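Below you'll find the structure, written out as structure tokens, and then a few comments.
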Amino acid sequence: MQVSIVVIGKELLLGQVIDTNSSDISHRLDPLGWQVGDIQTVDDDAYQITRAIDRAFESSDVVITTGGLGPTKDDITKQTLCNYFGGELVHDASVLETVKRVIARRGLELNDLTAKQAMVPSSCRVIQNEVGTAPIMWFERDGKVLVTLPGVPFETREMLDRQVIPQLIKRFPSKMNYEHRTVMVVGYSESLLAMKIEEWENSLPPYLHLAYLPKPGLVRLRIDGAHTDNPLLISEINHYHSMLCNLLGENVLCNADIPVEEILLQELEARGLSIATAESCTGGNIAHLLTSVPGSSKVFNGSVVAYSNEVKEHLLGVNADTLAAHGAVSIPVVEEMATGACKALGTDCAIATSGIAGPSGATDGKPVGTVCIAIKTPEEIFSFTHHFPGNRQRVIIRASMTAMIAAIEKIRALPRYSVE
């Protein structure tokens, strides 16, 4: 099944808001074997919306729109769809009751403008939005479907999973079965990895396909499979997944699609260890990634963002002579930062970073992108210097990922925790 997405909103075209809904929709449809064929972003303009829908229906049986469903005058999607599919805007009492419940949960009072969300095209079937005020609308014409979703990303994610995807599956049943397996690989560039696994990749049966998905510091290899015989598909995809993991050996960071920060936390918990971060150039980004994982407090104690030398000295105990002799961006400094973080925050392990994220700050021998990283475990301090290309944000992201991957590798060398 091919799907088209139409994203509506001038704020997206101006760059004031970033479209995350399209990636969420694609990510949720992919396990079903549904392919997103195209994504269009258009202004809050009736002509542009209509033209985008026409183009989408030319290639897809399902069109999903996001945005443009608010109660203000600039949101014209409802009226445009009413004109497109026919009918008129009518008051729907069930929508109004849903809106009242949502508003009440937020501790607000219903105003006249929000109450207008109960006006919907008579040509649609309403799907109640249980987490927002904009109703979801389902239109059909000539066997094809258009579904509107709110522009608020949380609402889109929730209602896709709760209502829209189950109803789309029921409307467009398929005899095909779909499976995915992922291997996360470190230590290879994409091209070298392709050369390494070329023979294995060429041996894949026609119903399995390999995708290369590079991320900072690693490459995700995803095996996609589609077949009417589900037991055969599962057996074969597991077989080739296992072969790939064996072929790549120690370069496999994880044999599933799990965020790096979550892998690190799992490895720490399995060994009964705790961790802290001491961050200069990464500015707390590693701590942010770790705390984005539910349950991270089991092993993550906290972070010191030591951007100035004074903070490095006073909070982390970095020796002033070390700073004077080697500079803040140096191996001796990050090693002392890591040791100080363990002491200050009472942890077994620590990650420390100090570098030049740019665009300024370069010195002789230390160009922009130079980052020193230290990993402290109960058994050792491991440190290294890396030079990351790209702009400031890219340096921060790459340094954060490289540091966490190095921490995973060192912590995996430690014995796992056992309960007597």
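By convention in this document, the chains of the structure tokens carry letters A, B, ... by their order, each chain's residues are numbered from 1, and ligands are numbered from 1 in the order they are shown.
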
Do a neighbour search on A:Phe57 at 10 Å with only C-alpha atoms, toss out local chain neighbours closer than 3 positions, and write the hits as an NGL selection string. :A and (3-4 or 52-54 or 60-63 or 144-146)

Contact residues around A:Leu208 with only C-alpha atoms at 10 Å, ignoring same-chain residues under 3 positions, as a PyMOL selection string: chain A and resi 178-180+201+203-205+223-227+233+236-237+240

Which of stretch 289-322 of chain A counts as strand (DSSP E or B) under DSSP, as a count of residues only please? 6

Within 10 Å of A:Gln117 using only C-alpha atoms, minus same-chain residues under 6 positions, as a PyMOL selection string: chain A and resi 69-72+78+91-92+95-96+99+133-135

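Between atom CA of A:Thr377 and atom CA of A:Asp348 lies a distance of 6.2 Å.
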
At a cut-off of 10 Å, using only C-alpha atoms, what residues contact A:Ile127? Leave out same-chain residues fewer than 2 positions from it and give the result as a list in words. Val95, Cys124, Arg125, Asn129, Glu130, Pro135, Ile136, Met137, Trp138, Val147, Thr148, Leu149, Met159, Gln163, Val164 and Gln167 of chain A

Exercise: A:Val334 partners within 9 Å, only C-alpha atoms, chain neighbours under 3 positions left out, as number ranges by chain: A: 278, 318, 328-331, 337-339, 351-354, 372-375, 383

What does the distance between atom CA of A:Trp200 and atom CA of A:Leu247 come to in Å, to one decimal place?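 Calculated distance between atom CA of A:Trp200 and atom CA of A:Leu247 is 8.7 Å.
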